[in-house]
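Source file input-v3.cif; content: mmCIF, C-alpha atoms.
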```cif
data_protein
#
loop_
_atom_site.group_PDB
_atom_site.id
_atom_site.type_symbol
_atom_site.label_atom_id
_atom_site.label_comp_id
_atom_site.auth_asym_id
_atom_site.auth_seq_id
_atom_site.Cartn_x
_atom_site.Cartn_y
_atom_site.Cartn_z
ATOM 1 C CA MET A 1 49.092 188.370 -43.044
ATOM 2 C CA ASP A 2 48.886 191.712 -44.857
ATOM 3 C CA LEU A 3 45.108 191.889 -45.246
ATOM 4 C CA ILE A 4 45.171 194.670 -47.851
ATOM 5 C CA ALA A 5 47.704 192.769 -49.973
ATOM 6 C CA ALA A 6 45.569 189.632 -49.695
ATOM 7 C CA MET A 7 42.436 191.543 -50.732
ATOM 8 C CA ASN A 8 44.207 193.071 -53.729
ATOM 9 C CA THR A 9 45.538 189.658 -54.747
ATOM 10 C CA PHE A 10 42.068 188.115 -54.490
ATOM 11 C CA VAL A 11 40.608 190.836 -56.730
ATOM 12 C CA ARG A 12 43.368 190.320 -59.300
ATOM 13 C CA VAL A 13 42.843 186.528 -59.324
ATOM 14 C CA VAL A 14 39.101 186.942 -59.894
ATOM 15 C CA GLU A 15 39.623 189.449 -62.721
ATOM 16 C CA ALA A 16 42.459 187.504 -64.374
ATOM 17 C CA GLY A 17 40.604 184.190 -64.172
ATOM 18 C CA ASN A 18 43.538 182.149 -62.908
ATOM 19 C CA PHE A 19 46.429 182.261 -60.468
ATOM 20 C CA THR A 20 49.209 182.358 -63.072
ATOM 21 C CA LYS A 21 47.959 185.470 -64.903
ATOM 22 C CA ALA A 22 47.286 187.191 -61.581
ATOM 23 C CA ALA A 23 50.794 186.382 -60.362
ATOM 24 C CA ASP A 24 52.304 187.732 -63.591
ATOM 25 C CA SER A 25 50.342 190.987 -63.419
ATOM 26 C CA LEU A 26 51.305 191.437 -59.754
ATOM 27 C CA ASP A 27 54.926 190.412 -60.403
ATOM 28 C CA LEU A 28 54.689 187.825 -57.640
ATOM 29 C CA PRO A 29 55.539 184.123 -57.515
ATOM 30 C CA ASN A 30 52.599 181.751 -57.932
ATOM 31 C CA ALA A 31 53.287 180.343 -54.483
ATOM 32 C CA THR A 32 52.926 183.779 -52.894
ATOM 33 C CA VAL A 33 49.572 184.350 -54.594
ATOM 34 C CA THR A 34 48.362 180.923 -53.445
ATOM 35 C CA ARG A 35 49.538 181.577 -49.896
ATOM 36 C CA LEU A 36 47.787 184.975 -49.744
ATOM 37 C CA ILE A 37 44.485 183.527 -50.978
ATOM 38 C CA GLN A 38 44.664 180.612 -48.565
ATOM 39 C CA GLY A 39 45.469 182.967 -45.692
ATOM 40 C CA LEU A 40 42.541 185.195 -46.613
ATOM 41 C CA GLU A 41 40.136 182.241 -46.699
ATOM 42 C CA GLN A 42 41.414 181.034 -43.326
ATOM 43 C CA HIS A 43 41.060 184.528 -41.886
ATOM 44 C CA LEU A 44 37.469 184.793 -43.125
ATOM 45 C CA GLU A 45 36.689 181.128 -42.460
ATOM 46 C CA VAL A 46 34.933 180.877 -45.808
ATOM 47 C CA ARG A 47 35.753 179.419 -49.228
ATOM 48 C CA LEU A 48 36.128 182.251 -51.771
ATOM 49 C CA LEU A 49 37.379 180.298 -54.802
ATOM 50 C CA GLN A 50 36.679 176.787 -56.017
ATOM 51 C CA ARG A 51 39.840 175.424 -57.623
ATOM 52 C CA THR A 52 40.529 172.327 -59.700
ATOM 53 C CA THR A 53 43.496 171.455 -61.908
ATOM 54 C CA ARG A 54 41.784 173.066 -64.913
ATOM 55 C CA THR A 55 39.187 175.558 -63.714
ATOM 56 C CA LEU A 56 38.767 178.372 -61.251
ATOM 57 C CA THR A 57 35.304 179.501 -60.172
ATOM 58 C CA VAL A 58 34.187 182.089 -57.663
ATOM 59 C CA THR A 59 31.883 180.843 -54.914
ATOM 60 C CA PRO A 60 28.707 182.811 -54.113
ATOM 61 C CA GLU A 61 30.404 184.049 -50.944
ATOM 62 C CA GLY A 62 33.470 184.969 -52.976
ATOM 63 C CA ALA A 63 31.405 186.949 -55.487
ATOM 64 C CA THR A 64 29.788 188.995 -52.711
ATOM 65 C CA TYR A 65 33.150 189.551 -51.042
ATOM 66 C CA TYR A 66 34.707 190.599 -54.369
ATOM 67 C CA GLU A 67 32.121 193.345 -54.987
ATOM 68 C CA ARG A 68 32.601 194.814 -51.511
ATOM 69 C CA VAL A 69 36.386 194.535 -51.550
ATOM 70 C CA VAL A 70 36.631 196.305 -54.926
ATOM 71 C CA ARG A 71 34.730 199.280 -53.526
ATOM 72 C CA LEU A 72 36.874 199.299 -50.400
ATOM 73 C CA LEU A 73 40.174 199.148 -52.295
ATOM 74 C CA THR A 74 39.011 201.907 -54.642
ATOM 75 C CA GLU A 75 38.236 204.165 -51.694
ATOM 76 C CA LEU A 76 41.561 203.395 -50.034
ATOM 77 C CA ALA A 77 43.433 204.122 -53.265
ATOM 78 C CA ASP A 78 41.466 207.358 -53.649
ATOM 79 C CA ILE A 79 42.380 208.479 -50.129
ATOM 80 C CA GLU A 80 46.055 207.603 -50.597
ATOM 81 C CA SER A 81 46.300 209.150 -54.064
ATOM 82 C CA SER A 82 44.582 212.372 -52.967
ATOM 83 C CA ALA A 83 47.071 212.722 -50.130
ATOM 84 C CA LYS A 84 50.049 212.056 -52.392
ATOM 85 C CA GLN A 85 48.866 214.306 -55.209
ATOM 86 C CA SER A 86 48.715 217.271 -52.851
ATOM 87 C CA LEU A 87 52.464 216.840 -52.224
ATOM 88 C CA THR A 88 53.879 215.302 -55.405
ATOM 89 C CA THR A 89 53.520 215.301 -59.175
ATOM 90 C CA PRO A 90 52.399 212.176 -61.082
ATOM 91 C CA SER A 91 55.137 209.595 -61.270
ATOM 92 C CA GLY A 92 55.688 205.910 -61.961
ATOM 93 C CA ARG A 93 55.491 203.496 -64.884
ATOM 94 C CA ILE A 94 52.350 202.822 -66.920
ATOM 95 C CA ARG A 95 51.586 200.254 -69.616
ATOM 96 C CA VAL A 96 49.840 201.566 -72.728
ATOM 97 C CA GLU A 97 48.820 199.854 -75.963
ATOM 98 C CA ALA A 98 47.900 201.432 -79.298
ATOM 99 C CA PRO A 99 47.403 200.381 -82.929
ATOM 100 C CA ALA A 100 50.674 200.360 -84.858
ATOM 101 C CA THR A 101 50.025 203.441 -87.003
ATOM 102 C CA ILE A 102 48.546 205.537 -84.182
ATOM 103 C CA GLY A 103 51.466 204.584 -81.983
ATOM 104 C CA THR A 104 54.188 205.349 -84.533
ATOM 105 C CA MET A 105 52.606 208.291 -86.394
ATOM 106 C CA VAL A 106 50.607 210.060 -83.669
ATOM 107 C CA LEU A 107 51.823 209.175 -80.185
ATOM 108 C CA LEU A 108 55.588 208.777 -80.635
ATOM 109 C CA PRO A 109 56.180 212.114 -82.445
ATOM 110 C CA ALA A 110 54.468 213.912 -79.537
ATOM 111 C CA MET A 111 55.881 211.871 -76.626
ATOM 112 C CA GLY A 112 58.605 214.445 -76.012
ATOM 113 C CA ASP A 113 55.925 216.976 -75.063
ATOM 114 C CA PHE A 114 54.395 214.493 -72.619
ATOM 115 C CA TYR A 115 57.735 213.756 -70.944
ATOM 116 C CA ARG A 116 58.511 217.460 -70.619
ATOM 117 C CA ALA A 117 55.141 217.996 -68.922
ATOM 118 C CA TYR A 118 55.388 214.882 -66.704
ATOM 119 C CA PRO A 119 59.070 213.984 -66.235
ATOM 120 C CA GLY A 120 58.253 211.503 -63.472
ATOM 121 C CA VAL A 121 56.045 209.249 -65.634
ATOM 122 C CA GLU A 122 57.543 206.339 -67.576
ATOM 123 C CA VAL A 123 55.584 204.720 -70.425
ATOM 124 C CA ASP A 124 55.763 201.150 -71.716
ATOM 125 C CA LEU A 125 54.119 201.578 -75.138
ATOM 126 C CA GLY A 126 53.078 198.498 -77.064
ATOM 127 C CA THR A 127 52.291 199.155 -80.737
ATOM 128 C CA SER A 128 50.483 196.349 -82.525
ATOM 129 C CA ASN A 129 47.071 195.505 -83.908
ATOM 130 C CA ARG A 130 46.611 192.685 -81.389
ATOM 131 C CA LYS A 131 43.861 193.335 -78.854
ATOM 132 C CA SER A 132 45.152 192.141 -75.512
ATOM 133 C CA ASP A 133 43.263 191.357 -72.333
ATOM 134 C CA LEU A 134 43.900 194.555 -70.370
ATOM 135 C CA ILE A 135 43.034 193.146 -66.955
ATOM 136 C CA ALA A 136 44.817 189.821 -67.297
ATOM 137 C CA GLU A 137 47.932 191.392 -68.836
ATOM 138 C CA GLY A 138 48.130 194.383 -66.512
ATOM 139 C CA VAL A 139 47.688 197.080 -69.179
ATOM 140 C CA ASP A 140 46.681 200.438 -67.687
ATOM 141 C CA CYS A 141 44.972 201.829 -70.791
ATOM 142 C CA ALA A 142 44.756 201.231 -74.529
ATOM 143 C CA ILE A 143 43.778 203.175 -77.611
ATOM 144 C CA ARG A 144 41.438 201.238 -79.868
ATOM 145 C CA ALA A 145 40.003 202.051 -83.294
ATOM 146 C CA GLY A 146 36.524 200.795 -84.114
ATOM 147 C CA ASN A 147 33.609 199.801 -81.939
ATOM 148 C CA ILE A 148 34.392 198.534 -78.448
ATOM 149 C CA VAL A 149 32.965 195.071 -77.842
ATOM 150 C CA GLU A 150 34.389 194.489 -74.347
ATOM 151 C CA GLU A 151 31.461 195.632 -72.210
ATOM 152 C CA SER A 152 33.503 195.122 -69.042
ATOM 153 C CA LEU A 153 35.870 197.982 -69.932
ATOM 154 C CA VAL A 154 35.447 201.726 -69.516
ATOM 155 C CA ALA A 155 35.576 203.378 -72.961
ATOM 156 C CA ARG A 156 36.013 207.107 -73.626
ATOM 157 C CA ARG A 157 35.626 208.264 -77.208
ATOM 158 C CA ILE A 158 38.502 210.581 -78.076
ATOM 159 C CA GLY A 159 38.376 210.908 -81.850
ATOM 160 C CA GLU A 160 37.473 209.474 -85.219
ATOM 161 C CA PHE A 161 38.875 209.121 -88.724
ATOM 162 C CA ARG A 162 37.995 208.214 -92.288
ATOM 163 C CA PHE A 163 39.944 206.318 -94.903
ATOM 164 C CA THR A 164 41.610 207.723 -98.018
ATOM 165 C CA THR A 165 41.876 205.704 -101.230
ATOM 166 C CA CYS A 166 45.172 206.503 -102.920
ATOM 167 C CA ALA A 167 48.168 205.288 -104.908
ATOM 168 C CA SER A 168 51.577 206.490 -106.000
ATOM 169 C CA PRO A 169 51.810 208.908 -108.975
ATOM 170 C CA GLN A 170 53.870 206.329 -110.869
ATOM 171 C CA PHE A 171 51.232 203.640 -110.441
ATOM 172 C CA LEU A 172 48.421 205.940 -111.598
ATOM 173 C CA ALA A 173 50.443 207.135 -114.572
ATOM 174 C CA THR A 174 50.859 203.523 -115.691
ATOM 175 C CA HIS A 175 47.462 202.058 -114.831
ATOM 176 C CA GLY A 176 45.141 205.067 -114.694
ATOM 177 C CA ALA A 177 42.946 206.266 -111.839
ATOM 178 C CA PRO A 178 39.605 204.523 -111.231
ATOM 179 C CA ALA A 179 36.560 206.734 -111.862
ATOM 180 C CA THR A 180 34.161 204.629 -109.759
ATOM 181 C CA PRO A 181 34.601 202.115 -106.910
ATOM 182 C CA ASP A 182 33.575 199.320 -109.289
ATOM 183 C CA GLU A 183 36.624 200.047 -111.458
ATOM 184 C CA LEU A 184 38.847 198.909 -108.573
ATOM 185 C CA LYS A 185 38.073 195.381 -109.726
ATOM 186 C CA THR A 186 40.151 196.072 -112.856
ATOM 187 C CA ARG A 187 43.057 197.697 -111.006
ATOM 188 C CA THR A 188 45.837 196.230 -108.895
ATOM 189 C CA THR A 189 45.002 196.725 -105.242
ATOM 190 C CA ILE A 190 46.694 195.902 -101.949
ATOM 191 C CA GLY A 191 44.692 194.178 -99.213
ATOM 192 C CA MET A 192 44.888 194.681 -95.463
ATOM 193 C CA LEU A 193 44.104 191.520 -93.509
ATOM 194 C CA SER A 194 41.656 191.708 -90.614
ATOM 195 C CA SER A 195 43.109 190.586 -87.286
ATOM 196 C CA HIS A 196 39.657 189.181 -86.434
ATOM 197 C CA THR A 197 38.654 187.260 -89.555
ATOM 198 C CA GLY A 198 42.000 186.684 -91.274
ATOM 199 C CA ARG A 199 40.436 187.927 -94.529
ATOM 200 C CA ALA A 200 41.153 191.123 -96.425
ATOM 201 C CA HIS A 201 39.070 194.170 -95.555
ATOM 202 C CA PRO A 202 36.845 195.243 -98.469
ATOM 203 C CA PHE A 203 37.204 198.771 -99.785
ATOM 204 C CA ARG A 204 34.153 200.657 -98.467
ATOM 205 C CA PHE A 205 32.565 203.792 -99.925
ATOM 206 C CA SER A 206 29.408 205.873 -99.604
ATOM 207 C CA ASN A 207 27.807 208.810 -101.374
ATOM 208 C CA ASP A 208 24.297 210.153 -101.897
ATOM 209 C CA SER A 209 23.346 206.880 -103.575
ATOM 210 C CA GLY A 210 24.256 204.726 -100.590
ATOM 211 C CA GLU A 211 27.085 202.514 -99.394
ATOM 212 C CA VAL A 212 29.228 200.273 -101.575
ATOM 213 C CA GLN A 213 31.629 197.514 -100.543
ATOM 214 C CA VAL A 214 34.159 196.449 -103.142
ATOM 215 C CA PRO A 215 36.029 193.169 -102.619
ATOM 216 C CA PRO A 216 38.933 193.963 -104.978
ATOM 217 C CA SER A 217 41.303 191.350 -106.321
ATOM 218 C CA ASN A 218 44.408 191.993 -104.233
ATOM 219 C CA ARG A 219 47.774 191.099 -105.662
ATOM 220 C CA LEU A 220 49.401 191.563 -102.241
ATOM 221 C CA LEU A 221 47.959 190.917 -98.762
ATOM 222 C CA LEU A 222 49.516 192.364 -95.601
ATOM 223 C CA ASN A 223 48.712 192.227 -91.891
ATOM 224 C CA ASP A 224 50.658 195.303 -90.735
ATOM 225 C CA THR A 225 49.503 198.847 -91.432
ATOM 226 C CA ASN A 226 53.004 200.302 -91.692
ATOM 227 C CA ALA A 227 53.915 197.659 -94.296
ATOM 228 C CA TYR A 228 50.612 198.387 -96.050
ATOM 229 C CA LEU A 229 51.514 202.066 -96.353
ATOM 230 C CA ALA A 230 55.008 201.214 -97.565
ATOM 231 C CA ALA A 231 53.547 199.003 -100.298
ATOM 232 C CA GLY A 232 51.363 201.865 -101.505
ATOM 233 C CA LEU A 233 54.267 204.316 -101.497
ATOM 234 C CA THR A 234 56.374 201.840 -103.456
ATOM 235 C CA GLY A 235 53.744 201.769 -106.213
ATOM 236 C CA LEU A 236 52.583 198.179 -105.810
ATOM 237 C CA GLY A 237 48.891 199.072 -106.017
ATOM 238 C CA ILE A 238 45.968 201.113 -104.721
ATOM 239 C CA ILE A 239 45.448 201.235 -100.963
ATOM 240 C CA GLN A 240 42.680 202.459 -98.667
ATOM 241 C CA ALA A 241 44.369 203.697 -95.505
ATOM 242 C CA PRO A 242 43.486 205.906 -92.515
ATOM 243 C CA ALA A 243 43.541 209.575 -93.493
ATOM 244 C CA TYR A 244 45.799 210.479 -90.561
ATOM 245 C CA ALA A 245 48.380 207.961 -91.784
ATOM 246 C CA VAL A 246 48.639 209.197 -95.390
ATOM 247 C CA HIS A 247 48.022 212.949 -95.143
ATOM 248 C CA ALA A 248 51.772 213.787 -95.119
ATOM 249 C CA ALA A 249 52.398 211.609 -98.174
ATOM 250 C CA LEU A 250 49.452 213.234 -99.962
ATOM 251 C CA GLU A 251 50.721 216.729 -99.181
ATOM 252 C CA SER A 252 54.213 215.879 -100.429
ATOM 253 C CA GLY A 253 52.876 214.247 -103.604
ATOM 254 C CA ARG A 254 54.234 210.792 -102.819
ATOM 255 C CA LEU A 255 50.627 209.559 -102.895
ATOM 256 C CA VAL A 256 47.624 210.809 -104.873
ATOM 257 C CA ALA A 257 44.021 210.467 -103.690
ATOM 258 C CA VAL A 258 41.468 208.814 -105.986
ATOM 259 C CA LEU A 259 37.672 208.472 -105.835
ATOM 260 C CA GLU A 260 37.456 211.685 -103.795
ATOM 261 C CA ASP A 261 33.742 212.064 -104.572
ATOM 262 C CA TRP A 262 33.129 208.948 -102.481
ATOM 263 C CA GLN A 263 33.373 209.061 -98.707
ATOM 264 C CA THR A 264 34.305 206.197 -96.408
ATOM 265 C CA PRO A 265 32.686 205.249 -93.095
ATOM 266 C CA THR A 266 33.730 207.098 -89.933
ATOM 267 C CA ILE A 267 35.786 204.959 -87.543
ATOM 268 C CA PRO A 268 35.580 205.930 -83.854
ATOM 269 C CA VAL A 269 38.664 205.911 -81.637
ATOM 270 C CA HIS A 270 38.442 205.236 -77.883
ATOM 271 C CA VAL A 271 40.785 205.107 -74.956
ATOM 272 C CA ILE A 272 39.804 202.196 -72.744
ATOM 273 C CA TYR A 273 40.816 201.073 -69.272
ATOM 274 C CA PRO A 274 39.697 198.469 -66.724
ATOM 275 C CA PRO A 275 36.708 199.273 -64.479
ATOM 276 C CA ASN A 276 36.454 198.947 -60.703
ATOM 277 C CA ARG A 277 39.948 200.320 -60.397
ATOM 278 C CA PHE A 278 40.939 203.771 -59.172
ATOM 279 C CA LEU A 279 42.475 205.721 -62.051
ATOM 280 C CA SER A 280 45.874 206.750 -60.724
ATOM 281 C CA ALA A 281 47.293 210.208 -61.332
ATOM 282 C CA LYS A 282 49.927 208.915 -63.772
ATOM 283 C CA VAL A 283 47.287 207.159 -65.909
ATOM 284 C CA ARG A 284 44.872 210.078 -65.699
ATOM 285 C CA VAL A 285 47.406 212.635 -66.961
ATOM 286 C CA PHE A 286 48.356 210.338 -69.844
ATOM 287 C CA ILE A 287 44.719 209.899 -70.874
ATOM 288 C CA ASP A 288 44.094 213.654 -70.629
ATOM 289 C CA TRP A 289 47.184 214.258 -72.752
ATOM 290 C CA VAL A 290 45.970 211.801 -75.406
ATOM 291 C CA VAL A 291 42.530 213.440 -75.457
ATOM 292 C CA ASP A 292 44.124 216.854 -76.068
ATOM 293 C CA LEU A 293 46.453 215.396 -78.706
ATOM 294 C CA PHE A 294 43.516 213.966 -80.665
ATOM 295 C CA GLU A 295 41.488 217.165 -80.330
ATOM 296 C CA ARG A 296 44.310 219.092 -81.994
ATOM 297 C CA HIS A 297 44.908 216.546 -84.779
ATOM 298 C CA PRO A 298 43.206 217.610 -88.059
ATOM 299 C CA HIS A 299 42.533 214.009 -89.148
ATOM 300 C CA LEU A 300 41.629 212.433 -85.794
ATOM 301 C CA ARG A 301 39.578 214.985 -83.867
ATOM 302 C CA ARG A 302 35.853 214.452 -83.502
ATOM 303 C CA SER A 303 33.755 216.402 -85.977
#
```

Go through the file and emit its structure as structure tokens.
Amino acid sequence: MDLIAAMNTFVRVVEAGNFTKAADSLDLPNATVTRLIQGLEQHLEVRLLQRTTRTLTVTPEGATYYERVVRLLTELADIESSAKQSLTTPSGRIRVEAPATIGTMVLLPAMGDFYRAYPGVEVDLGTSNRKSDLIAEGVDCAIRAGNIVEESLVARRIGEFRFTTCASPQFLATHGAPATPDELKTRTTIGMLSSHTGRAHPFRFSNDSGEVQVPPSNRLLLNDTNAYLAAGLTGLGIIQAPAYAVHAALESGRLVAVLEDWQTPTIPVHVIYPPNRFLSAKVRVFIDWVVDLFERHPHLRRS
């Protein structure tokens, strides 16, 4: 039995919560994962996992073993990576996830620079607003907007943004621009559905008088930010979109900002990755590149 492979498999099973997800993330057959765990338990002469047809629980002995094995594997990976990095440049494939607009409007236009700097690194980039389980699905790192609720993940704040309330010139010429947030109730607006609640996000504003949330009457509801922007550009109504996503359209005149005397809340942006795992060179250089990219972006860098 390859003891290191068995240890790594055990850690992945514990973190994934079941054998099937662990096997998928390791790209191994379920039978191989089962055989490695059984061999490890026989080698140690102790039960590490309690398995039934529906549940998987870690025994007290398994929990203690997990904590020690994670530290050991991290040190081994550190030793191996340090040796390799002294002789080679970062290489290999990484899995990254990002919100749709950040992926398409921020990351993709700059990916050529990343590949020129690190030609040996290959990136699988998933762009959606779905928040996946990084550990169970084998994602190396993800960019998330908003507060991070997964306490088990390492989160590094890399930027922030505000929203811009805007509409097409044709729409405003026909319907007029609102002078106050309350006037949005008498205008045609477009709603963006929350992936958490399934309801439309309210338009949010603040000034010296305090914060205001306006639940406008949306003629159109969408669940994709790129479609949301397209609807605003088409002149279907007023939108409230991330400033980084609409700044080019505002500069070209395809969109016009309204209610500029009212600010919107600041939304933090983090890069997150699983804990208790050595950060490989290929993942580290990607994260460092993203940090630099956000620092140079006028609408995403931290103030």

Top pick for closest residue to Arg156 of chain A, considering A:Val258, A:Val96, A:Leu221, A:Ala142 and counting all atoms listed in the file: A:Ala142

Draw an axis-aligned box tight on the listed atoms of segment 245-263 of chain A, then pad every side by 4 Å and write out centre and edge lengths in Å to one decimal as lines of an AutoDock Vina configuration file.
```
center_x = 43.7
center_y = 212.3
center_z = -98.9
size_x = 29.1
size_y = 16.8
size_z = 22.2
```

Spatial neighbours of Ile190 of chain A, 6 Å, all atoms listed in the file, chain gap at least 5 places, as a PyMOL selection string: chain A and resi 218+220+237-239

Separation of atom CA of Asp224 of chain A from atom CA of Thr188 of chain A, in Å and rounded to one decimal: 18.8 Å

Residue among A:Leu26, A:Ile158, A:Val290, A:Leu300 lying closest to His247 of chain A, counting all atoms listed in the file: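 Looking at the shortest contact to His247 of chain A, the residue is A:Leu300.
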
Test item: residues at most 10 Å from Leu36 of chain A, all atoms listed in the file, excluding those fewer than 5 positions along its chain, as a ChimeraX atom specification: /A:1-3,5-10,31,41-42

All heavy atoms are needed for segment 143-151 of chain A; please write them out as an mmCIF file, in the coordinates of the input.
```cif
data_model
loop_
_atom_site.group_PDB
_atom_site.id
_atom_site.type_symbol
_atom_site.label_atom_id
_atom_site.label_comp_id
_atom_site.auth_asym_id
_atom_site.auth_seq_id
_atom_site.Cartn_x
_atom_site.Cartn_y
_atom_site.Cartn_z
ATOM 1 N N ILE A 143 44.494 202.415 -76.590
ATOM 2 C CA ILE A 143 43.778 203.175 -77.611
ATOM 3 C C ILE A 143 43.297 202.175 -78.649
ATOM 4 O O ILE A 143 44.089 201.372 -79.158
ATOM 5 C CB ILE A 143 44.683 204.244 -78.242
ATOM 6 C CG1 ILE A 143 45.113 205.254 -77.172
ATOM 7 C CG2 ILE A 143 43.970 204.959 -79.392
ATOM 8 C CD1 ILE A 143 46.178 206.215 -77.644
ATOM 9 N N ARG A 144 42.026 202.197 -78.933
ATOM 10 C CA ARG A 144 41.438 201.238 -79.868
ATOM 11 C C ARG A 144 40.636 201.969 -80.940
ATOM 12 O O ARG A 144 39.867 202.893 -80.634
ATOM 13 C CB ARG A 144 40.500 200.277 -79.130
ATOM 14 C CG ARG A 144 41.217 199.374 -78.107
ATOM 15 C CD ARG A 144 41.619 198.054 -78.729
ATOM 16 N NE ARG A 144 42.366 197.215 -77.792
ATOM 17 C CZ ARG A 144 41.825 196.375 -76.929
ATOM 18 N NH1 ARG A 144 40.505 196.263 -76.882
ATOM 19 N NH2 ARG A 144 42.575 195.655 -76.140
ATOM 20 N N ALA A 145 40.798 201.536 -82.180
ATOM 21 C CA ALA A 145 40.003 202.051 -83.294
ATOM 22 C C ALA A 145 38.863 201.087 -83.563
ATOM 23 O O ALA A 145 39.034 199.871 -83.492
ATOM 24 C CB ALA A 145 40.873 202.208 -84.537
ATOM 25 N N GLY A 146 37.692 201.625 -83.861
ATOM 26 C CA GLY A 146 36.524 200.795 -84.114
ATOM 27 C C GLY A 146 35.631 200.717 -82.907
ATOM 28 O O GLY A 146 35.878 201.345 -81.865
ATOM 29 N N ASN A 147 34.562 199.944 -83.034
ATOM 30 C CA ASN A 147 33.609 199.801 -81.939
ATOM 31 C C ASN A 147 34.203 198.935 -80.830
ATOM 32 O O ASN A 147 34.914 197.969 -81.094
ATOM 33 C CB ASN A 147 32.300 199.196 -82.446
ATOM 34 C CG ASN A 147 31.598 200.110 -83.438
ATOM 35 O OD1 ASN A 147 31.555 201.322 -83.244
ATOM 36 N ND2 ASN A 147 31.049 199.539 -84.488
ATOM 37 N N ILE A 148 33.892 199.273 -79.596
ATOM 38 C CA ILE A 148 34.392 198.534 -78.448
ATOM 39 C C ILE A 148 33.385 197.440 -78.104
ATOM 40 O O ILE A 148 32.214 197.716 -77.836
ATOM 41 C CB ILE A 148 34.599 199.461 -77.231
ATOM 42 C CG1 ILE A 148 35.544 200.615 -77.606
ATOM 43 C CG2 ILE A 148 35.151 198.681 -76.054
ATOM 44 C CD1 ILE A 148 36.906 200.171 -78.072
ATOM 45 N N VAL A 149 33.853 196.205 -78.108
ATOM 46 C CA VAL A 149 32.965 195.071 -77.842
ATOM 47 C C VAL A 149 33.105 194.566 -76.411
ATOM 48 O O VAL A 149 32.248 193.839 -75.923
ATOM 49 C CB VAL A 149 33.231 193.912 -78.827
ATOM 50 C CG1 VAL A 149 32.936 194.353 -80.249
ATOM 51 C CG2 VAL A 149 34.673 193.430 -78.720
ATOM 52 N N GLU A 150 34.194 194.939 -75.719
ATOM 53 C CA GLU A 150 34.389 194.489 -74.347
ATOM 54 C C GLU A 150 33.553 195.359 -73.405
ATOM 55 O O GLU A 150 33.968 196.449 -73.014
ATOM 56 C CB GLU A 150 35.869 194.574 -73.947
ATOM 57 C CG GLU A 150 36.782 193.721 -74.796
ATOM 58 C CD GLU A 150 37.465 194.519 -75.886
ATOM 59 O OE1 GLU A 150 36.859 195.507 -76.356
ATOM 60 O OE2 GLU A 150 38.566 194.166 -76.283
ATOM 61 N N GLU A 151 32.370 194.866 -73.049
ATOM 62 C CA GLU A 151 31.461 195.632 -72.210
ATOM 63 C C GLU A 151 32.003 195.827 -70.799
ATOM 64 O O GLU A 151 31.527 196.708 -70.066
ATOM 65 C CB GLU A 151 30.092 194.949 -72.159
ATOM 66 C CG GLU A 151 29.385 194.879 -73.503
ATOM 67 C CD GLU A 151 28.021 194.232 -73.420
ATOM 68 O OE1 GLU A 151 27.661 193.787 -72.308
ATOM 69 O OE2 GLU A 151 27.335 194.170 -74.459
#
```
